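A short worksheet on the structure shown next.
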Amino acid sequence: MFENDFDWEDKEEEMVLVDSRGMTPRQANLLEIEAIAKAHCFTLEDILGPRKFKPLVAVRRKCIVMLREKGHTTTGIGRIMNRDHTTIVHSLQKSKAEA
């Protein structure tokens with residue numbers, strides 16, 4: 001996505017940033033997370049939910065790394081993933097240590 005791919009759109013007196021497909025940046029990221037989840041036989045709800053078993057955490061970590069590589073801050077990733085930013089920092093450190 002490029003900066004000029006986004007247009008401002010009025011929604012009930014509220015300005016919302018949308019891309020050329022009519023999606024907000026969060027919606028676009030959730031679609032990518034859902035694609036990663038489906039590739040590993042999980043749902044988006046599994047990834048964003050509270051469960052902590054190892055295979056799910058590994059896929060969740062892949063999603064977090066993908067978002068970080070796209071340039072999101074730890075706070076921004078936390079908002080997308082329904083996690084505290086310190087959880088995101090820990091996950092990034094674990095993935096770096098495993099690499």
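Each chain in the structure tokens gets a letter, A, B and so on, in the order shown; residues start at 1 in every chain, and ligands are counted from 1 in the order they appear.
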message = Can you pull out the residues contacting A:Phe42? Cut-off 12 Å, using only C-alpha atoms, and skip same-chain residues under 3 positions away; I want them as a PyMOL selection string.
response = chain A and resi 33-39+45-49+51+55-60
request  = Find, counting only C-alpha atoms, the residue in A:Leu44, A:Glu98, A:Ser91, A:Thr24 that gets nearest to A:Arg61.
outcome  =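 Closest to A:Arg61, using only C-alpha atoms: A:Ser91.
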task = Could you please write out, as a ChimeraX atom specification, every residue of stretch 13-57 of chain A that DSSP assigns to strand (DSSP E or B)?
result = /A:14-18
C-alpha atoms of the current selection, written as a short mmCIF file (atom, residue, chain, number, x, y, z; two decimals), in the first residue's frame:
data_model
loop_
_atom_site.label_atom_id
_atom_site.label_comp_id
_atom_site.auth_asym_id
_atom_site.auth_seq_id
_atom_site.Cartn_x
_atom_site.Cartn_y
_atom_site.Cartn_z
CA GLU A 14 -16.52 11.05 11.30
CA MET A 15 -13.49 11.00 9.04
CA VAL A 16 -12.21 7.47 8.38
CA LEU A 17 -9.06 6.57 6.47
CA VAL A 18 -9.78 3.92 3.81
#
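Comparing A:Ile80, A:Ala28, A:Ala97, A:Leu92 by their smallest distance to A:Lys62, the closest is A:Leu92 (using only C-alpha atoms).
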